[in-house]
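Source file: work_29.tsv; contents: TSV, C-alpha atoms.
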```tsv
chain	number	residue	atom	x	y	z
A	1	MET	CA	-17.20	-21.54	-17.89
A	2	THR	CA	-17.89	-18.01	-19.00
A	3	LEU	CA	-15.85	-14.96	-18.04
A	4	THR	CA	-18.47	-13.83	-15.52
A	5	ASP	CA	-18.51	-17.21	-13.77
A	6	TYR	CA	-14.71	-17.28	-13.62
A	7	LEU	CA	-14.56	-13.80	-12.10
A	8	TYR	CA	-17.38	-14.53	-9.70
A	9	TYR	CA	-16.28	-17.93	-8.40
A	10	VAL	CA	-12.47	-17.77	-8.63
A	11	ILE	CA	-11.20	-14.20	-8.62
A	12	LEU	CA	-13.52	-12.61	-6.07
A	13	PRO	CA	-12.94	-15.30	-3.36
A	14	ILE	CA	-9.18	-14.89	-3.72
A	15	LEU	CA	-9.53	-11.12	-3.35
A	16	ALA	CA	-11.83	-11.59	-0.34
A	17	PHE	CA	-9.27	-13.92	1.26
A	18	SER	CA	-6.53	-11.33	0.81
A	19	VAL	CA	-8.84	-8.71	2.37
A	20	LEU	CA	-9.20	-11.03	5.38
A	21	LEU	CA	-5.41	-11.32	5.69
A	22	ILE	CA	-5.03	-7.53	5.54
A	23	VAL	CA	-7.77	-7.04	8.17
A	24	TYR	CA	-5.89	-9.49	10.43
A	25	ARG	CA	-2.80	-7.28	10.18
A	26	PHE	CA	-4.93	-4.17	10.67
A	27	ILE	CA	-6.34	-5.50	13.95
A	28	LYS	CA	-3.11	-7.06	15.23
A	29	GLY	CA	-0.47	-4.58	13.99
A	30	PRO	CA	2.14	-3.91	16.70
A	31	SER	CA	2.67	-0.22	15.96
A	32	ILE	CA	0.28	2.39	14.62
A	33	ALA	CA	2.31	2.61	11.39
A	34	ASP	CA	1.37	-1.00	10.60
A	35	LYS	CA	-2.29	-0.15	10.94
A	36	ILE	CA	-1.96	2.82	8.59
A	37	ILE	CA	-0.17	0.67	5.99
A	38	ALA	CA	-2.88	-2.00	6.32
A	39	LEU	CA	-5.58	0.65	5.80
A	40	ASP	CA	-3.80	1.91	2.68
A	41	VAL	CA	-3.50	-1.59	1.21
A	42	LEU	CA	-7.12	-2.33	2.15
A	43	ILE	CA	-8.32	0.61	0.05
A	44	THR	CA	-5.97	-0.36	-2.80
A	45	THR	CA	-7.45	-3.89	-2.78
A	46	GLY	CA	-10.90	-2.29	-2.76
A	47	ILE	CA	-10.03	-0.52	-6.02
A	48	GLY	CA	-9.20	-3.92	-7.54
A	49	ILE	CA	-12.49	-5.41	-6.31
A	50	ILE	CA	-14.41	-2.48	-7.82
A	51	GLY	CA	-12.64	-3.11	-11.15
A	52	VAL	CA	-13.66	-6.79	-11.10
A	53	TYR	CA	-17.24	-5.84	-10.22
A	54	SER	CA	-17.42	-3.39	-13.11
A	55	ILE	CA	-16.40	-6.22	-15.48
A	56	ILE	CA	-19.02	-8.58	-13.97
A	57	HIS	CA	-21.89	-6.11	-14.20
A	58	GLY	CA	-20.73	-4.45	-17.39
A	59	ARG	CA	-21.00	-0.93	-16.03
A	60	SER	CA	-18.04	1.39	-16.37
A	61	THR	CA	-19.54	3.93	-13.96
A	62	PHE	CA	-18.07	2.03	-11.00
A	63	LEU	CA	-14.61	3.24	-12.01
A	64	ASP	CA	-15.46	6.76	-10.82
A	65	THR	CA	-15.83	5.35	-7.32
A	66	ALA	CA	-12.43	3.69	-7.67
A	67	MET	CA	-10.88	7.04	-8.60
A	68	ILE	CA	-12.34	8.73	-5.53
A	69	LEU	CA	-11.12	5.84	-3.35
A	70	ALA	CA	-7.57	6.25	-4.69
A	71	LEU	CA	-7.70	9.96	-3.81
A	72	ILE	CA	-8.96	9.24	-0.29
A	73	ALA	CA	-6.27	6.59	0.32
A	74	PHE	CA	-3.48	8.99	-0.58
A	75	LEU	CA	-4.95	11.85	1.45
A	76	SER	CA	-5.52	9.72	4.55
A	77	THR	CA	-1.99	8.30	4.51
A	78	VAL	CA	-0.42	11.74	4.11
A	79	ALA	CA	-2.58	13.21	6.88
A	80	PHE	CA	-1.89	10.33	9.28
A	81	SER	CA	1.89	10.50	8.81
A	82	TYR	CA	1.87	14.31	9.11
A	83	TYR	CA	0.06	14.23	12.43
A	84	LEU	CA	2.18	11.35	13.74
A	85	GLU	CA	5.34	13.37	13.11
A	86	LYS	CA	3.76	16.40	14.75
A	87	ARG	CA	2.74	14.41	17.83
A	88	ASN	CA	6.30	13.15	18.29
A	89	ARG	CA	7.77	16.61	17.89
A	90	LYS	CA	5.67	18.05	20.73
A	91	LYS	CA	6.87	15.42	23.18
B	92	MET	CA	-9.97	-13.75	-27.90
B	93	SER	CA	-10.27	-10.65	-25.75
B	94	SER	CA	-11.74	-12.67	-22.86
B	95	VAL	CA	-8.54	-14.76	-22.79
B	96	ILE	CA	-6.50	-11.57	-22.42
B	97	ILE	CA	-8.85	-10.34	-19.68
B	98	VAL	CA	-8.57	-13.65	-17.79
B	99	ILE	CA	-4.77	-13.57	-17.95
B	100	LEU	CA	-4.54	-9.93	-16.82
B	101	VAL	CA	-7.06	-10.22	-13.99
B	102	THR	CA	-5.56	-13.50	-12.73
B	103	LEU	CA	-2.06	-12.04	-12.62
B	104	GLY	CA	-3.32	-8.94	-10.83
B	105	THR	CA	-5.23	-11.00	-8.28
B	106	LEU	CA	-2.16	-13.14	-7.61
B	107	PHE	CA	-0.09	-10.01	-6.98
B	108	VAL	CA	-2.72	-8.66	-4.56
B	109	LEU	CA	-2.81	-12.03	-2.75
B	110	LEU	CA	1.00	-12.11	-2.53
B	111	SER	CA	1.07	-8.61	-1.07
B	112	ALA	CA	-1.53	-9.61	1.53
B	113	ILE	CA	0.53	-12.67	2.49
B	114	GLY	CA	3.62	-10.46	2.69
B	115	LEU	CA	1.76	-8.04	4.94
B	116	VAL	CA	1.08	-10.87	7.37
B	117	ARG	CA	4.40	-12.70	7.11
B	118	MET	CA	7.03	-9.94	7.05
B	119	PRO	CA	8.74	-9.39	10.42
B	120	ASP	CA	9.24	-5.63	10.27
B	121	THR	CA	7.28	-2.44	9.56
B	122	TYR	CA	9.72	-1.24	6.92
B	123	MET	CA	9.64	-4.56	5.05
B	124	ARG	CA	5.83	-4.44	5.06
B	125	ILE	CA	5.93	-0.97	3.52
B	126	SER	CA	8.34	-2.23	0.87
B	127	VAL	CA	6.21	-5.27	-0.01
B	128	ASN	CA	2.95	-3.40	-0.31
B	129	THR	CA	4.03	-0.44	-2.39
B	130	LYS	CA	5.33	-2.75	-5.07
B	131	ALA	CA	2.96	-5.69	-5.13
B	132	ALA	CA	-0.40	-4.06	-4.46
B	133	THR	CA	0.24	-1.28	-6.96
B	134	LEU	CA	1.14	-3.73	-9.74
B	135	GLY	CA	-1.84	-5.97	-8.95
B	136	VAL	CA	-4.38	-3.15	-9.07
B	137	GLY	CA	-2.76	-1.83	-12.25
B	138	LEU	CA	-3.14	-5.20	-14.00
B	139	ILE	CA	-6.80	-5.55	-12.91
B	140	LEU	CA	-7.59	-2.06	-14.24
B	141	VAL	CA	-5.84	-2.82	-17.55
B	142	GLY	CA	-8.11	-5.87	-17.79
B	143	THR	CA	-11.12	-3.60	-17.22
B	144	ALA	CA	-9.97	-1.29	-19.99
B	145	VAL	CA	-9.57	-4.26	-22.38
B	146	PHE	CA	-13.05	-5.53	-21.48
B	147	PHE	CA	-14.93	-2.29	-22.20
B	148	ASN	CA	-12.83	-1.38	-25.28
B	149	ASP	CA	-14.00	2.21	-25.17
B	150	LEU	CA	-12.15	5.51	-25.10
B	151	SER	CA	-13.81	7.01	-22.03
B	152	THR	CA	-13.38	3.87	-19.89
B	153	THR	CA	-9.80	3.38	-21.05
B	154	SER	CA	-8.88	6.94	-20.15
B	155	ARG	CA	-10.56	6.58	-16.76
B	156	ALA	CA	-8.65	3.38	-16.01
B	157	LEU	CA	-5.39	4.97	-17.18
B	158	VAL	CA	-5.98	7.97	-14.89
B	159	ILE	CA	-6.50	5.67	-11.88
B	160	ILE	CA	-3.35	3.66	-12.74
B	161	LEU	CA	-1.31	6.85	-13.15
B	162	PHE	CA	-2.61	8.22	-9.86
B	163	VAL	CA	-1.86	5.02	-7.93
B	164	PHE	CA	1.62	4.76	-9.47
B	165	LEU	CA	2.41	8.38	-8.61
B	166	THR	CA	1.09	8.41	-5.05
B	167	ALA	CA	2.17	4.99	-3.73
B	168	PRO	CA	5.92	5.85	-3.41
B	169	VAL	CA	5.14	9.24	-1.87
B	170	SER	CA	2.87	7.81	0.82
B	171	ALA	CA	5.30	4.95	1.50
B	172	HIS	CA	8.14	7.41	1.99
B	173	LEU	CA	6.05	9.59	4.32
B	174	ILE	CA	4.85	6.73	6.51
B	175	GLY	CA	8.35	5.21	6.65
B	176	ARG	CA	9.81	8.54	7.77
B	177	ALA	CA	7.11	9.00	10.41
B	178	SER	CA	7.61	5.49	11.77
B	179	TYR	CA	11.39	6.03	11.96
B	180	PHE	CA	10.82	9.16	14.04
B	181	MET	CA	8.31	7.31	16.20
B	182	GLY	CA	11.00	4.82	17.17
B	183	VAL	CA	9.69	1.75	15.39
B	184	ARG	CA	12.63	-0.64	15.51
B	185	LEU	CA	14.15	-2.58	12.66
B	186	TRP	CA	13.94	-6.36	12.66
B	187	LYS	CA	16.60	-7.89	14.89
B	188	GLY	CA	18.02	-9.77	11.89
B	189	SER	CA	18.62	-6.59	9.90
B	190	ILE	CA	22.31	-6.07	9.30
B	191	MET	CA	22.71	-2.30	9.22
B	192	ASP	CA	20.80	0.93	9.78
B	193	ASP	CA	22.11	3.65	7.49
B	194	LEU	CA	20.20	6.41	9.26
B	195	ARG	CA	21.50	5.66	12.77
B	196	GLY	CA	22.49	8.87	14.52
B	197	LYS	CA	21.97	11.07	11.47
B	198	TYR	CA	18.53	12.53	12.25
B	199	GLN	CA	18.33	15.30	14.83
B	200	LYS	CA	15.82	14.45	17.53
B	201	ASN	CA	13.89	17.71	17.76
B	202	SER	CA	14.44	19.53	14.48
B	203	TYR	CA	14.30	16.40	12.21
B	204	ILE	CA	17.25	17.66	10.17
B	205	LEU	CA	19.12	14.91	8.28
B	206	LYS	CA	22.91	15.14	8.41
B	207	SER	CA	25.26	13.29	6.14
B	208	GLU	CA	27.70	12.42	8.93
B	209	ILE	CA	27.41	11.51	12.58
B	210	ASP	CA	28.35	14.64	14.48
B	211	ASP	CA	29.63	15.09	18.05
B	212	THR	CA	26.25	15.66	19.74
B	213	PRO	CA	25.07	12.09	20.23
B	214	GLU	CA	22.33	12.99	22.70
B	215	ASP	CA	20.45	14.97	20.04
B	216	ASN	CA	20.52	12.23	17.43
B	217	ILE	CA	17.90	9.53	16.88
B	218	ASP	CA	19.48	6.19	17.62
B	219	HIS	CA	17.19	3.20	17.96
B	220	SER	CA	19.71	1.11	19.86
B	221	LYS	CA	19.72	3.66	22.70
B	222	MET	CA	15.96	4.09	22.82
B	223	LYS	CA	14.01	2.32	25.48
B	224	ASP	CA	11.28	-0.07	24.46
B	225	LYS	CA	7.77	1.27	24.14
```

For the file at hand, write its structure as structure tokens.
Amino acid sequence: MTLTDYLYYVILPILAFSVLLIVYRFIKGPSIADKIIALDVLITTGIGIIGVYSIIHGRSTFLDTAMILALIAFLSTVAFSYYLEKRNRKK
Amino acid sequence: MSSVIIVILVTLGTLFVLLSAIGLVRMPDTYMRISVNTKAATLGVGLILVGTAVFFNDLSTTSRALVIILFVFLTAPVSAHLIGRASYFMGVRLWKGSIMDDLRGKYQKNSYILKSEIDDTPEDNIDHSKMKDK
């Protein structure tokens, strides 16, 4: 079993299963904070999947996409929490 | 030889990501979910990216992977703190099995000022046990 086969048939299904678990929490989540956390972890898992894909295809250019995704995850979480606090303060 | 190192690193990282996903589903409380995910998901993604850097064995790719790891490690605690603070103000309750709430009555309700002691204006303080259910 080569490295590519191992990554393709073992690692990627496990990552996809964990994405399914996170999406379950994202849909179900009792409060809106749970949904924001699930979104953050979903993007973080996406960074890991992009890393595995860049090993499989042998192209390091995919890592630029991962960097942009990390930026967007941080910005979205900060913006969501800022506006949640602001909405409570008005009330 | 290097493929063995890559397999070990990527497998460990994937297991950490899987454990954080299971923790996200199984934990009973918003604050515990925040705690699980900042630690486990960050470490898992860091290990996978270290495996990528070992695979390419190249200065530009290694520096790119290190920048992503540094960014994730720096921003995960900040975003976890911000979302935990916002959910405490929103009135998200602790799990009923939690023993104590250190912040009870110490945040002012309108100005969000944190005091080190419980003062004598209890109607202005955020206290989850007096809040009605949403």

* **chain A contacts on chain B, only C-alpha atoms, 9 Å, as a PyMOL selection string** => chain B and resi 94-95+97-98+101-102+104-106+108-113+115-116+121+124-125+128-129+132-133+135-140+142-143+146-147+152+155-156+158-159+162-163+166-167+169-171+173-178+180-181+183+200-203

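Going from CA of Asp192 (chain B) over to CA of Phe164 (chain B), you cover 27.4 Å.
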
* **CA of Ser207 (chain B) to CA of Asp193 (chain B), distance in Å rounded to a single decimal** => 10.2 Å

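If you measure from each of B:Gly188, B:Leu161, B:Ala144, B:Thr153 to Ser93 (chain B) using all atoms listed in the file, the closest one turns out to be B:Ala144.
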
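Reported to one decimal place, the separation of CA of Ile160 (chain B) from CA of Tyr8 (chain A) is 23.2 Å.
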